[in-house]
$ cat start_31.tsv   # TSV, C-alpha atoms and all ligand atoms
chain	number	residue	atom	x	y	z
A	229	MET	CA	3.96	-12.78	-1.38
A	230	LYS	CA	1.22	-14.25	0.78
A	231	PHE	CA	-2.27	-14.62	-0.70
A	232	PHE	CA	-5.33	-13.98	1.47
A	233	VAL	CA	-8.87	-14.24	0.15
A	234	ASP	CA	-11.26	-11.40	0.95
A	235	THR	CA	-14.58	-13.12	1.56
A	236	ALA	CA	-16.78	-14.78	4.18
A	237	ASP	CA	-18.04	-17.36	1.68
A	238	THR	CA	-16.88	-20.64	3.24
A	239	LYS	CA	-17.44	-22.64	0.07
A	240	GLU	CA	-15.11	-20.34	-1.86
A	241	ILE	CA	-12.54	-20.41	0.96
A	242	ALA	CA	-12.59	-24.22	1.18
A	243	ASP	CA	-12.22	-24.48	-2.57
A	244	LEU	CA	-9.25	-22.09	-2.74
A	245	ALA	CA	-7.64	-23.69	0.33
A	246	GLU	CA	-7.57	-26.97	-1.64
A	247	THR	CA	-4.96	-25.44	-3.98
A	248	GLY	CA	-2.52	-25.19	-1.07
A	249	LEU	CA	-1.81	-21.60	-2.14
A	250	LEU	CA	-4.05	-19.78	0.30
A	251	ASP	CA	-2.26	-18.18	3.26
A	252	GLY	CA	-5.15	-16.54	5.09
A	253	VAL	CA	-8.55	-14.84	4.96
A	254	THR	CA	-9.82	-11.31	5.50
A	255	THR	CA	-13.41	-10.44	6.32
A	256	ASN	CA	-15.14	-7.18	7.15
A	257	PRO	CA	-18.65	-6.32	8.39
A	258	SER	CA	-19.93	-5.89	4.81
A	259	LEU	CA	-18.67	-9.34	3.79
A	260	ILE	CA	-20.22	-10.89	6.92
A	261	ALA	CA	-23.54	-9.20	6.07
A	262	LYS	CA	-23.27	-10.51	2.49
A	263	SER	CA	-22.77	-14.07	3.79
A	264	GLY	CA	-26.08	-13.82	5.68
A	265	ARG	CA	-24.55	-15.89	8.49
A	266	ASP	CA	-23.90	-15.45	12.20
A	267	PHE	CA	-20.57	-13.61	12.68
A	268	MET	CA	-19.18	-15.89	15.38
A	269	GLU	CA	-20.29	-19.09	13.67
A	270	VAL	CA	-18.97	-18.22	10.22
A	271	THR	CA	-15.67	-16.89	11.61
A	272	LYS	CA	-15.13	-20.10	13.56
A	273	GLU	CA	-15.79	-22.15	10.45
A	274	ILE	CA	-13.36	-20.03	8.39
A	275	CYS	CA	-10.66	-20.42	11.07
A	276	GLY	CA	-10.93	-24.18	10.65
A	277	LEU	CA	-10.49	-23.99	6.87
A	278	VAL	CA	-7.10	-22.25	6.82
A	279	GLU	CA	-4.08	-22.38	9.08
A	280	GLY	CA	-3.11	-18.75	8.52
A	281	PRO	CA	-4.57	-15.53	9.93
A	282	VAL	CA	-8.31	-14.87	9.64
A	283	SER	CA	-9.14	-11.20	10.11
A	284	ALA	CA	-12.32	-10.51	12.08
A	285	GLU	CA	-13.24	-6.85	12.46
A	286	VAL	CA	-14.45	-5.04	15.57
A	287	VAL	CA	-17.42	-2.73	15.09
A	288	ALA	CA	-17.05	-0.54	18.18
A	289	LEU	CA	-15.58	2.94	17.80
A	290	ASP	CA	-14.18	3.49	21.30
A	291	HIS	CA	-11.14	1.80	22.79
A	292	ALA	CA	-12.84	0.15	25.77
A	293	GLU	CA	-15.56	-1.41	23.67
A	294	MET	CA	-13.06	-2.46	20.98
A	295	MET	CA	-11.10	-4.27	23.69
A	296	ARG	CA	-14.26	-6.02	24.85
A	297	GLU	CA	-15.14	-7.12	21.31
A	298	ALA	CA	-11.54	-8.23	20.67
A	299	GLU	CA	-11.71	-10.35	23.82
A	300	VAL	CA	-14.76	-12.14	22.43
A	301	LEU	CA	-13.28	-12.54	18.95
A	302	ARG	CA	-9.87	-13.81	19.97
A	303	LYS	CA	-11.47	-16.72	21.82
A	304	ILE	CA	-12.84	-18.06	18.52
A	305	ALA	CA	-9.54	-19.66	17.46
A	306	ASP	CA	-5.78	-19.21	17.71
A	307	ASN	CA	-5.55	-17.94	14.13
A	308	VAL	CA	-7.98	-15.06	14.58
A	309	CYS	CA	-6.43	-11.70	13.73
A	310	ILE	CA	-8.29	-8.75	15.26
A	311	LYS	CA	-9.06	-6.10	12.66
A	312	VAL	CA	-9.34	-2.52	13.90
A	313	PRO	CA	-9.95	0.71	11.99
A	314	LEU	CA	-7.19	3.28	11.59
A	315	THR	CA	-8.41	5.73	14.21
A	316	VAL	CA	-6.88	6.94	17.47
A	317	ASP	CA	-8.96	4.41	19.39
A	318	GLY	CA	-8.17	1.71	16.85
A	319	LEU	CA	-4.43	2.27	17.25
A	320	LYS	CA	-4.70	2.38	21.06
A	321	THR	CA	-6.44	-0.97	20.83
A	322	CYS	CA	-3.79	-2.26	18.42
A	323	LYS	CA	-0.96	-1.27	20.76
A	324	LYS	CA	-2.63	-2.97	23.71
A	325	LEU	CA	-3.50	-6.17	21.85
A	326	THR	CA	-0.16	-6.66	20.12
A	327	GLY	CA	1.56	-6.00	23.46
A	328	ASP	CA	-0.33	-9.05	24.72
A	329	GLY	CA	0.77	-11.11	21.71
A	330	THR	CA	-2.52	-10.88	19.76
A	331	MET	CA	-2.35	-10.52	15.96
A	332	VAL	CA	-3.82	-7.23	14.74
A	333	ASN	CA	-4.70	-6.02	11.24
A	334	VAL	CA	-5.16	-2.24	11.03
A	335	THR	CA	-7.65	-1.54	8.26
A	336	LEU	CA	-8.92	1.40	6.18
A	337	CYS	CA	-5.46	2.89	5.63
A	338	PHE	CA	-5.28	5.61	2.99
A	339	SER	CA	-1.97	7.37	3.71
A	340	ALA	CA	1.64	6.44	4.43
A	341	ASN	CA	1.50	8.53	7.61
A	342	GLN	CA	-1.39	6.39	8.85
A	343	ALA	CA	0.67	3.30	8.03
A	344	LEU	CA	3.61	4.76	9.96
A	345	LEU	CA	1.38	5.20	13.02
A	346	ALA	CA	0.08	1.62	12.71
A	347	ALA	CA	3.64	0.28	12.59
A	348	LYS	CA	4.54	2.30	15.68
A	349	ALA	CA	1.47	0.78	17.36
A	350	GLY	CA	2.95	-2.66	16.63
A	351	ALA	CA	0.40	-3.77	14.02
A	352	SER	CA	0.94	-7.23	12.59
A	353	PHE	CA	-0.63	-6.08	9.30
A	354	ILE	CA	-1.49	-2.72	7.76
A	355	SER	CA	-4.26	-2.77	5.15
A	356	PRO	CA	-3.97	0.03	2.58
A	357	PHE	CA	-7.04	-0.02	0.28
A	358	VAL	CA	-5.71	0.17	-3.28
A	359	GLY	CA	-9.00	0.04	-5.24
A	360	ARG	CA	-10.89	2.49	-3.04
A	361	HIS	CA	-7.93	4.90	-3.23
A	362	ASP	CA	-8.03	4.66	-7.05
A	363	ASP	CA	-11.81	5.25	-6.97
A	364	ASN	CA	-11.21	8.55	-5.21
A	365	GLY	CA	-8.74	9.89	-7.74
A	366	PHE	CA	-5.53	8.86	-5.98
A	367	ASP	CA	-3.01	6.24	-7.06
A	368	GLY	CA	-3.49	3.21	-4.82
A	369	LEU	CA	-0.22	1.69	-5.98
A	370	ASP	CA	1.71	4.85	-5.05
A	371	LEU	CA	0.30	4.36	-1.56
A	372	ILE	CA	1.77	0.84	-1.40
A	373	ARG	CA	5.08	2.18	-2.77
A	374	ASP	CA	5.26	4.94	-0.13
A	375	ILE	CA	4.48	2.56	2.72
A	376	ARG	CA	7.11	0.08	1.51
A	377	LEU	CA	9.71	2.88	1.49
A	378	VAL	CA	8.79	4.14	4.96
A	379	TYR	CA	8.71	0.66	6.49
A	380	ASP	CA	12.05	-0.27	4.92
A	381	ASN	CA	13.64	2.96	6.17
A	382	TYR	CA	12.95	1.90	9.73
A	383	ALA	CA	12.90	-1.90	9.34
A	384	PHE	CA	9.33	-2.09	10.69
A	385	GLU	CA	8.07	-5.66	10.89
A	386	THR	CA	4.43	-4.75	10.20
A	387	GLU	CA	3.40	-6.59	7.04
A	388	ILE	CA	1.91	-4.59	4.18
A	389	LEU	CA	-1.40	-6.28	3.33
A	390	ALA	CA	-2.53	-4.75	0.04
A	391	ALA	CA	-6.34	-4.69	0.24
A	392	SER	CA	-9.25	-3.63	-1.97
A	393	ILE	CA	-7.55	-5.42	-4.84
A	394	ARG	CA	-9.77	-5.31	-7.90
A	395	HIS	CA	-7.89	-7.11	-10.72
A	396	PRO	CA	-4.77	-9.15	-11.56
A	397	ILE	CA	-2.71	-6.08	-12.52
A	398	HIS	CA	-3.15	-4.76	-8.97
A	399	VAL	CA	-1.72	-8.08	-7.72
A	400	LEU	CA	1.24	-7.94	-10.11
A	401	GLU	CA	2.09	-4.32	-9.32
A	402	CYS	CA	1.83	-4.92	-5.56
A	403	ALA	CA	4.15	-7.91	-5.94
A	404	LYS	CA	6.64	-5.77	-7.92
A	405	ILE	CA	6.58	-3.12	-5.19
A	406	GLY	CA	7.09	-5.76	-2.53
A	407	ALA	CA	3.81	-5.83	-0.59
A	408	ASP	CA	4.08	-8.72	1.87
A	409	VAL	CA	0.49	-9.89	1.41
A	410	MET	CA	-2.43	-9.18	-0.88
A	411	THR	CA	-6.08	-9.90	-0.19
A	412	ALA	CA	-8.48	-10.20	-3.10
A	413	PRO	CA	-11.95	-11.52	-3.86
A	414	PRO	CA	-12.08	-15.17	-5.03
A	415	ALA	CA	-12.70	-14.18	-8.67
A	416	VAL	CA	-9.48	-12.13	-8.79
A	417	ILE	CA	-7.45	-15.00	-7.33
A	418	ARG	CA	-8.96	-17.43	-9.83
A	419	ALA	CA	-8.14	-15.04	-12.69
A	420	LEU	CA	-4.44	-15.22	-11.74
A	421	PHE	CA	-4.31	-18.85	-12.91
A	422	LYS	CA	-5.70	-18.11	-16.34
A	423	HIS	CA	-4.01	-17.29	-19.63
A	424	VAL	CA	-5.57	-17.71	-23.06
A	425	LEU	CA	-2.28	-19.09	-24.44
A	426	THR	CA	-2.12	-21.70	-21.68
A	427	ASP	CA	-5.58	-22.94	-22.69
A	428	LYS	CA	-4.70	-22.81	-26.38
A	429	GLY	CA	-1.40	-24.63	-25.76
A	430	ILE	CA	-3.12	-27.44	-23.86
A	431	GLU	CA	-5.70	-27.79	-26.61
A	432	GLY	CA	-2.96	-28.07	-29.28
A	433	PHE	CA	-0.83	-30.54	-27.30
A	434	LEU	CA	-3.83	-32.77	-26.57
A	435	ALA	CA	-4.92	-32.76	-30.22
A	436	ASP	CA	-1.43	-33.86	-31.32
A	437	TRP	CA	-1.21	-36.42	-28.52
A	438	ALA	CA	-4.51	-37.99	-29.66
A	439	LYS	CA	-2.93	-38.58	-33.10
A	440	THR	CA	-0.22	-40.77	-31.54
A	441	GLY	CA	-2.84	-43.26	-30.25
A	442	GLN	CA	-0.73	-43.67	-27.10
A	443	SER	CA	-1.72	-43.47	-23.41
A	444	ILE	CA	0.30	-42.95	-20.24
B	1	LIG	C1	-9.72	-5.64	3.40
B	1	LIG	O1	-9.44	-6.26	4.40
B	1	LIG	C2	-11.09	-5.31	2.99
B	1	LIG	O2	-11.96	-6.32	3.46
B	1	LIG	C3	-11.28	-5.27	1.50
B	1	LIG	O3	-10.10	-5.54	0.80
B	1	LIG	C4	-12.09	-4.14	1.00
B	1	LIG	O4	-12.21	-4.23	-0.37
B	1	LIG	P1	-13.33	-3.46	-1.22
B	1	LIG	O5	-12.86	-2.06	-1.41
B	1	LIG	O6	-13.38	-4.21	-2.52
B	1	LIG	O7	-14.60	-3.54	-0.43

$ encode --input "start_31.tsv" --output "structure tokens"
Amino acid sequence: MKFFVDTADTKEIADLAETGLLDGVTTNPSLIAKSGRDFMEVTKEICGLVEGPVSAEVVALDHAEMMREAEVLRKIADNVCIKVPLTVDGLKTCKKLTGDGTMVNVTLCFSANQALLAAKAGASFISPFVGRHDDNGFDGLDLIRDIRLVYDNYAFETEILAASIRHPIHVLECAKIGADVMTAPPAVIRALFKHVLTDKGIEGFLADWAKTGQSI
């Protein structure tokens, strides 16, 4: 499973990239607004921090304008992945861009039928929003399960990028289902490393080691 971080905070991205376990980054207009930085400038900086895909989202709603924005965004760096919403115009844009060899992440997916359309449009990634689906009284993990089944039935190469991940159990369940990628806020990724018994074990081993008076 690939791990993407869902943030435009370059300090957090640089820090997580240091672990060698970060495969990419996703951003969206809300995360760019939260960063308080210029979209082009911050996206360029992020693209230099990781080798993998960096999703940068268009804000236009019509196909022609999405294509224009994508043209601007894809010049930022080779690892930019154009993020488009799951709409008719978004999928038209996806089909056109992937046909030209550009990476595309189709976002705001809330049904397996939408994911099927994105795969037919040649999307590199489909982003089903697990947490937001849960918030609305649906089972976000069932959505991932359904998409996995549909994609496997037809051997689609579109990668399932589980998004809107809120906690470590979401990560574990998505991994069990077989999502190809998950994107989560930095705090959720950091929480994956932690276990109270790991900390307790280290404490106990170090206390006993101190009694030996030895050093390595
Ligand atoms: C995905 O690409 C989105 O940026 C993100 O996962 C949305 O998550 P949220 O529901 O926590 O805003």

$ axis_aligned_box --input "start_31.tsv" --around "ligand LIG 1 (chain B)" --padding-each-side "4 Å" --output "AutoDock Vina command-line options"
--center_x -12.0 --center_y -4.2 --center_z 0.9 --size_x 13.2 --size_y 12.3 --size_z 14.9

$ residues_near_ligand --input "start_31.tsv" --ligand "ligand LIG 1 (chain B)" --cutoff "7 Å" --atoms "all atoms listed in the file" --output "list in words"
Asp234, Thr254, Thr255, Asn256, Thr335, Ser355, Phe357, Gly359, Arg360, Ala391, Ser392, Ile393, Arg394, Thr411 and Ala412 of chain A

$ closest_residue --input "start_31.tsv" --among "A:Ala390, A:Ala298, A:Val308, A:Leu277" --to "Cys402 (chain A)" --atoms "only C-alpha atoms"
A:Ala390

$ atom_distance --input "start_31.tsv" --atom1 "CA of Glu297 (chain A)" --atom2 "CA of Leu325 (chain A)"
11.7 Å

$ atom_distance --input "start_31.tsv" --atom1 "CA of Val312 (chain A)" --atom2 "CA of Phe267 (chain A)"
15.8 Å

$ closest_residue --input "start_31.tsv" --among "A:Ala343, A:Asp374, A:Arg265, A:Leu301" --to "Gly406 (chain A)" --atoms "only C-alpha atoms"
A:Asp374

$ atom_distance --input "start_31.tsv" --atom1 "CA of Val416 (chain A)" --atom2 "CA of Met331 (chain A)"
25.8 Å

$ closest_residue --input "start_31.tsv" --among "A:Val378, A:Pro313, A:Gly432, A:Cys275" --to "Asn341 (chain A)" --atoms "all atoms listed in the file"
A:Val378

$ residues_around --input "start_31.tsv" --residues "His395 (chain A)" --least-positions-apart "2" --cutoff "9 Å" --atoms "all atoms listed in the file" --output "JSON, numbers by chain"
{"A": [393, 397, 398, 399, 412, 415, 416, 417, 419, 420]}

$ closest_residue --input "start_31.tsv" --among "A:Val233, A:Val334, A:Ala435, A:Leu369" --to "Ala245 (chain A)" --atoms "only C-alpha atoms"
A:Val233

$ residues_near_point --input "start_31.tsv" --point "(0.8, 3.9, 11.2)" --cutoff "10 Å" --atoms "all atoms listed in the file" --output "ChimeraX atom specification"
/A:314-315,319,334,337,339-351,354,375,379,386

$ closest_residue --input "start_31.tsv" --among "A:Ala407, A:Gly248, A:Phe353, A:Pro396" --to "Arg376 (chain A)" --atoms "all atoms listed in the file"
A:Ala407

$ closest_residue --input "start_31.tsv" --among "A:Gly368, A:Gly327, A:Pro257, A:Pro413" --to "Val287 (chain A)" --atoms "all atoms listed in the file"
A:Pro257

$ residues_around --input "start_31.tsv" --residues "Glu279 (chain A)" --least-positions-apart "5" --cutoff "10 Å" --atoms "only C-alpha atoms" --output "list in words"
Ala245, Leu250, Asp251, Gly252, Val253, Ile274, Asp306, Asn307 and Val308 of chain A
